[in-house]
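The data block below is model.cif; it holds mmCIF, C-alpha atoms.
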```
data_target
loop_
_atom_site.group_PDB
_atom_site.id
_atom_site.type_symbol
_atom_site.label_atom_id
_atom_site.label_comp_id
_atom_site.auth_asym_id
_atom_site.auth_seq_id
_atom_site.Cartn_x
_atom_site.Cartn_y
_atom_site.Cartn_z
ATOM 1 C CA MET K 465 98.462 128.803 116.753
ATOM 2 C CA SER K 466 97.464 125.949 114.449
ATOM 3 C CA ARG K 467 95.533 122.866 115.536
ATOM 4 C CA ALA K 468 95.950 119.355 114.217
ATOM 5 C CA GLY K 469 93.365 118.296 111.678
ATOM 6 C CA CYS K 470 92.522 117.513 108.081
ATOM 7 C CA ARG K 471 91.745 119.757 105.146
ATOM 8 C CA LYS K 472 91.785 119.800 101.361
ATOM 9 C CA GLU K 473 95.204 120.217 99.825
ATOM 10 C CA ARG K 474 96.225 123.625 98.501
ATOM 11 C CA ASP K 475 98.570 124.430 95.632
ATOM 12 C CA ASP K 476 101.305 125.451 98.057
ATOM 13 C CA ASP K 477 101.162 122.005 99.748
ATOM 14 C CA ALA K 478 102.662 120.159 96.760
ATOM 15 C CA GLY K 479 106.236 120.124 98.084
ATOM 16 C CA ALA K 480 105.213 119.023 101.577
ATOM 17 C CA ILE K 481 102.926 116.316 100.175
ATOM 18 C CA ARG K 482 105.751 115.035 97.988
ATOM 19 C CA ALA K 483 108.046 114.908 101.043
ATOM 20 C CA VAL K 484 105.468 112.924 103.058
ATOM 21 C CA LEU K 485 104.952 110.443 100.204
ATOM 22 C CA GLU K 486 108.674 109.956 99.619
ATOM 23 C CA ALA K 487 109.349 109.473 103.335
ATOM 24 C CA ALA K 488 106.451 107.053 103.823
ATOM 25 C CA PHE K 489 107.184 104.921 100.757
ATOM 26 C CA GLY K 490 110.958 105.285 100.547
ATOM 27 C CA GLY K 491 110.929 106.398 96.911
ATOM 28 C CA THR K 492 109.328 108.681 94.353
ATOM 29 C CA THR K 493 106.747 106.402 92.680
ATOM 30 C CA GLU K 494 103.729 107.489 94.747
ATOM 31 C CA ALA K 495 104.748 111.167 94.710
ATOM 32 C CA ASP K 496 105.130 111.020 90.924
ATOM 33 C CA LEU K 497 101.705 109.347 90.683
ATOM 34 C CA VAL K 498 100.019 112.148 92.639
ATOM 35 C CA GLU K 499 101.723 114.811 90.533
ATOM 36 C CA ALA K 500 100.564 113.058 87.346
ATOM 37 C CA LEU K 501 96.998 112.780 88.672
ATOM 38 C CA ARG K 502 97.011 116.515 89.410
ATOM 39 C CA ALA K 503 98.482 117.393 86.011
ATOM 40 C CA ASP K 504 95.920 115.228 84.203
ATOM 41 C CA GLY K 505 92.984 116.674 86.153
ATOM 42 C CA ASP K 506 92.138 113.270 87.632
ATOM 43 C CA LEU K 507 92.689 114.109 91.305
ATOM 44 C CA VAL K 508 89.223 114.244 92.869
ATOM 45 C CA LEU K 509 90.394 114.892 96.428
ATOM 46 C CA GLY K 510 93.767 115.485 98.011
ATOM 47 C CA TRP K 511 93.325 115.432 101.799
ATOM 48 C CA VAL K 512 96.108 116.415 104.184
ATOM 49 C CA TYR K 513 96.631 115.945 107.899
ATOM 50 C CA GLU K 514 98.560 118.784 109.449
ATOM 51 C CA ASP K 515 99.726 119.774 112.895
ATOM 52 C CA ALA K 516 101.239 123.183 113.636
ATOM 53 C CA ALA K 517 100.893 123.959 109.909
ATOM 54 C CA GLU K 518 103.132 120.995 109.010
ATOM 55 C CA VAL K 519 101.776 118.364 106.597
ATOM 56 C CA LEU K 520 102.248 114.968 108.266
ATOM 57 C CA GLY K 521 99.840 112.751 106.334
ATOM 58 C CA TYR K 522 98.061 112.582 103.004
ATOM 59 C CA VAL K 523 95.476 110.597 101.100
ATOM 60 C CA ALA K 524 94.548 110.997 97.438
ATOM 61 C CA TYR K 525 91.401 109.989 95.588
ATOM 62 C CA SER K 526 91.376 109.915 91.808
ATOM 63 C CA ARG K 527 88.672 109.419 89.224
ATOM 64 C CA VAL K 528 87.802 105.839 88.324
ATOM 65 C CA GLU K 529 85.194 104.704 85.829
ATOM 66 C CA VAL K 530 83.060 101.584 86.164
ATOM 67 C CA PHE K 531 81.727 100.344 82.840
ATOM 68 C CA ARG K 532 78.516 98.379 83.120
ATOM 69 C CA ASP K 533 78.684 97.729 79.376
ATOM 70 C CA ALA K 534 80.829 98.931 76.475
ATOM 71 C CA ARG K 535 79.363 102.452 76.503
ATOM 72 C CA THR K 536 77.895 103.140 79.940
ATOM 73 C CA ALA K 537 80.331 104.342 82.602
ATOM 74 C CA VAL K 538 79.607 105.304 86.190
ATOM 75 C CA ALA K 539 81.978 107.615 88.059
ATOM 76 C CA ALA K 540 83.766 106.254 91.127
ATOM 77 C CA VAL K 541 86.995 107.079 92.949
ATOM 78 C CA GLY K 542 90.150 105.202 93.844
ATOM 79 C CA LEU K 543 91.979 105.706 97.135
ATOM 80 C CA ALA K 544 95.732 105.821 96.499
ATOM 81 C CA PRO K 545 98.086 106.600 97.979
ATOM 82 C CA LEU K 546 97.643 106.904 101.750
ATOM 83 C CA ALA K 547 100.758 108.060 103.600
ATOM 84 C CA VAL K 548 101.877 109.209 107.038
ATOM 85 C CA VAL K 549 105.392 110.320 107.939
ATOM 86 C CA PRO K 550 107.276 107.295 109.343
ATOM 87 C CA ASP K 551 107.724 108.689 112.871
ATOM 88 C CA LEU K 552 103.952 108.990 113.307
ATOM 89 C CA GLN K 553 102.790 105.759 111.663
ATOM 90 C CA GLY K 554 100.661 103.663 113.993
ATOM 91 C CA GLU K 555 99.295 106.728 115.808
ATOM 92 C CA GLY K 556 95.876 106.726 114.079
ATOM 93 C CA ILE K 557 96.603 109.490 111.577
ATOM 94 C CA GLY K 558 96.026 107.210 108.577
ATOM 95 C CA SER K 559 92.675 106.092 109.983
ATOM 96 C CA PHE K 560 91.707 109.696 110.685
ATOM 97 C CA LEU K 561 92.593 110.649 107.109
ATOM 98 C CA VAL K 562 90.518 107.813 105.646
ATOM 99 C CA ILE K 563 87.473 108.252 107.893
ATOM 100 C CA SER K 564 87.280 112.015 107.470
ATOM 101 C CA SER K 565 87.860 111.905 103.711
ATOM 102 C CA LEU K 566 85.260 109.180 103.164
ATOM 103 C CA GLY K 567 82.743 111.354 105.001
ATOM 104 C CA LEU K 568 83.547 114.255 102.707
ATOM 105 C CA LEU K 569 83.301 112.073 99.589
ATOM 106 C CA LYS K 570 79.879 110.865 100.692
ATOM 107 C CA GLN K 571 78.759 114.485 101.237
ATOM 108 C CA GLU K 572 79.994 115.258 97.722
ATOM 109 C CA ASN K 573 77.811 112.426 96.356
ATOM 110 C CA GLU K 574 80.545 109.988 95.414
ATOM 111 C CA SER K 575 78.958 106.542 95.420
ATOM 112 C CA LEU K 576 81.811 104.042 95.177
ATOM 113 C CA VAL K 577 85.435 103.894 96.344
ATOM 114 C CA PHE K 578 88.084 101.347 95.355
ATOM 115 C CA VAL K 579 91.360 100.627 97.119
ATOM 116 C CA LEU K 580 94.232 98.243 96.542
ATOM 117 C CA GLY K 581 95.606 97.416 99.968
ATOM 118 C CA ASP K 582 95.735 95.170 103.007
ATOM 119 C CA PRO K 583 92.233 93.845 103.764
ATOM 120 C CA ALA K 584 93.113 93.635 107.472
ATOM 121 C CA TYR K 585 93.656 97.408 107.466
ATOM 122 C CA TYR K 586 90.943 98.614 105.095
ATOM 123 C CA SER K 587 88.178 96.366 106.462
ATOM 124 C CA ARG K 588 88.021 98.679 109.518
ATOM 125 C CA PHE K 589 86.552 101.288 107.136
ATOM 126 C CA ASN K 590 84.080 98.741 105.686
ATOM 127 C CA PHE K 591 86.019 98.074 102.492
ATOM 128 C CA ALA K 592 85.553 94.490 101.313
ATOM 129 C CA VAL K 593 87.257 92.263 98.772
ATOM 130 C CA VAL K 594 85.020 92.164 95.717
ATOM 131 C CA ASP K 595 84.447 89.708 92.900
ATOM 132 C CA GLY K 596 81.950 91.508 90.671
ATOM 133 C CA TYR K 597 84.421 94.024 89.270
ATOM 134 C CA VAL K 598 86.886 93.328 86.474
ATOM 135 C CA SER K 599 90.186 95.129 86.948
ATOM 136 C CA ARG K 600 93.856 94.631 86.223
ATOM 137 C CA TYR K 601 94.217 94.907 90.015
ATOM 138 C CA ALA K 602 91.654 92.181 90.782
ATOM 139 C CA GLY K 603 92.705 89.812 93.526
ATOM 140 C CA PRO K 604 92.806 89.545 97.302
ATOM 141 C CA TYR K 605 93.867 93.179 97.821
ATOM 142 C CA PHE K 606 91.343 94.819 95.471
ATOM 143 C CA GLN K 607 88.487 96.153 97.597
ATOM 144 C CA ALA K 608 85.469 98.405 97.296
ATOM 145 C CA LEU K 609 83.250 100.467 99.548
ATOM 146 C CA ARG K 610 79.785 101.419 98.364
ATOM 147 C CA LEU K 611 78.849 104.848 99.745
ATOM 148 C CA SER K 612 75.435 104.705 98.090
ATOM 149 C CA PRO K 613 72.976 101.858 97.523
ATOM 150 C CA ASP K 614 72.823 102.994 93.887
ATOM 151 C CA ALA K 615 76.524 102.270 93.303
ATOM 152 C CA PRO K 616 77.159 99.520 90.767
ATOM 153 C CA ASP K 617 78.088 96.160 92.265
ATOM 154 C CA ALA K 618 79.794 94.917 89.109
ATOM 155 C CA GLY K 619 81.540 96.182 85.999
ATOM 156 C CA ARG K 620 84.892 96.795 84.352
ATOM 157 C CA VAL K 621 86.980 99.221 86.411
ATOM 158 C CA LYS K 622 89.249 101.709 84.649
ATOM 159 C CA TYR K 623 91.669 103.780 86.712
ATOM 160 C CA ALA K 624 93.046 107.177 85.642
ATOM 161 C CA LYS K 625 95.786 107.013 82.998
ATOM 162 C CA ALA K 626 98.503 107.961 85.524
ATOM 163 C CA PHE K 627 98.164 104.443 86.965
ATOM 164 C CA ASP K 628 99.229 102.969 83.612
ATOM 165 C CA LYS K 629 102.779 104.164 84.362
ATOM 166 C CA LEU K 630 103.059 102.033 87.512
#
```

Show me, as structure tokens, the structure contained in the file I just sent.
Amino acid sequence: MSRAGCRKERDDDAGAIRAVLEAAFGGTTEADLVEALRADGDLVLGWVYEDAAEVLGYVAYSRVEVFRDARTAVAAVGLAPLAVVPDLQGEGIGSFLVISSLGLLKQENESLVFVLGDPAYYSRFNFAVVDGYVSRYAGPYFQALRLSPDAPDAGRVKYAKAFDKL
């Protein structure tokens, strides 16, 4: 008997993850993004929520670079996408995915996480709208969470190349 909980994605989860992403977003864009991140080696963490061995939610973190100057880059991660099957949205699964995955990222010494999303939602995880970073996504939905006091508080942010296709 399987219990509900989160774990790292496995190779055999790809089809179920794709189904969750397509159901949650009503299209293939986010599923295609995750597949491209995997293929390019830019997926830092794929985190699934499952119950009774069925994948019901997913969050991906990909490699992001923060350039303090033209040559010095610091590694960070970007949260995208976050998805829960439509029938279970609003039940706390998305929050559980984010909280548990951020804890794991901190344990793995990631220092900075970016997200492009609703500040009313992501502020509950201590993400905040930021001004010190230059990004093509800059604006009221571009947020950061510093997991370490050593994380840069400014710089040019470059997402993985799979995001260029969006």

- On this structure, which residues satisfy the PyMOL selection byres ((chain K and resi 483-485) around 8), written as a list in words?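 Selected by the PyMOL selection byres ((chain K and resi 483-485) around 8) in this file: Gly479, Ala480, Ile481, Arg482, Glu486, Ala487, Ala488, Phe489, Gly490, Gly491, Thr492, Glu494, Ala495, Val519, Leu520, Gly521, Tyr522, Ala547, Val548 and Val549 of chain K.
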
- So which residues get picked by the PyMOL selection byres ((chain K and resi 499-503) around 10) here, written as a PyMOL selection string? chain K and resi 478+481-482+494-498+504-510+524-527+624-627+629

- Smallest atom-to-atom distance to Phe606 in chain K: which of K:Gly619, K:Gly542, K:Gly567, K:Gly554, using all atoms listed in the file?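 With all atoms listed in the file as the atom set, the closest residue is K:Gly542.
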
- Message: If we count all atoms listed in the file and set the cut-off at 8 Å, which residues sit around Pro616 in chain K, ignoring sequence neighbours fewer than 5 positions away in its own chain? Please answer as an MDAnalysis selection string.
- Response: chainID K and resid 530 532 538 576

- For the file shown, report as an NGL selection string the outcome of the PyMOL selection byres ((chain K and resi 597) around 7) at residue level. :K and (594-596 or 598-599 or 618-621)

- Query: Mind pulling up the distance from CA of Gln607 in chain K to CA of Ala592 in chain K?
  - Reply: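 Separation between CA of Ala592 in chain K and CA of Gln607 in chain K: 5.0 Å.
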
- Task: Work out how far apart CA of Leu543 in chain K and CA of Leu580 in chain K are and give it in Å to one decimal.
- Result: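 That distance, rounded to one decimal, is 7.8 Å.
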
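Using all atoms listed in the file for every distance, the candidate list K:Ile557, K:Ala584, K:Ala539, K:Ile563 yields K:Ala539 as the residue closest to Tyr623 in chain K.
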
Need the axis-aligned box for range 624-628 of chain K with 3 Å each side, so what are the centre and edges in Å to one decimal, as JSON?
```
{"center_x": 96.1, "center_y": 105.5, "center_z": 85.0, "size_x": 12.2, "size_y": 11.0, "size_z": 10.0}
```

- Tell me, in Å to one decimal, how far CA of Glu529 in chain K is from CA of Glu574 in chain K. 11.9 Å

- Option closest in space to Ser612 in chain K, from K:Pro550, K:Pro545, K:Lys570, K:Thr493 [counting all atoms listed in the file]: K:Lys570

- Got a sec: who's within 6 Å of range 469-473 of chain K, counting all atoms listed in the file, leaving out chain neighbours fewer than 5 positions off, as a count of residues only? 5

- Query: With only C-alpha atoms as the atoms that count, which of K:Asp515, K:Leu569, K:Asp475, K:Phe589 lies nearest to Leu552 in chain K?
  - Reply: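 Among the listed residues, the smallest separation from Leu552 in chain K belongs to K:Asp515.
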
- Which of these residues is nearest to Val541 in chain K, using only C-alpha atoms: K:Ala602, K:Leu630, K:Val579, K:Val593?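 Smallest distance to Val541 in chain K is found for K:Val579.
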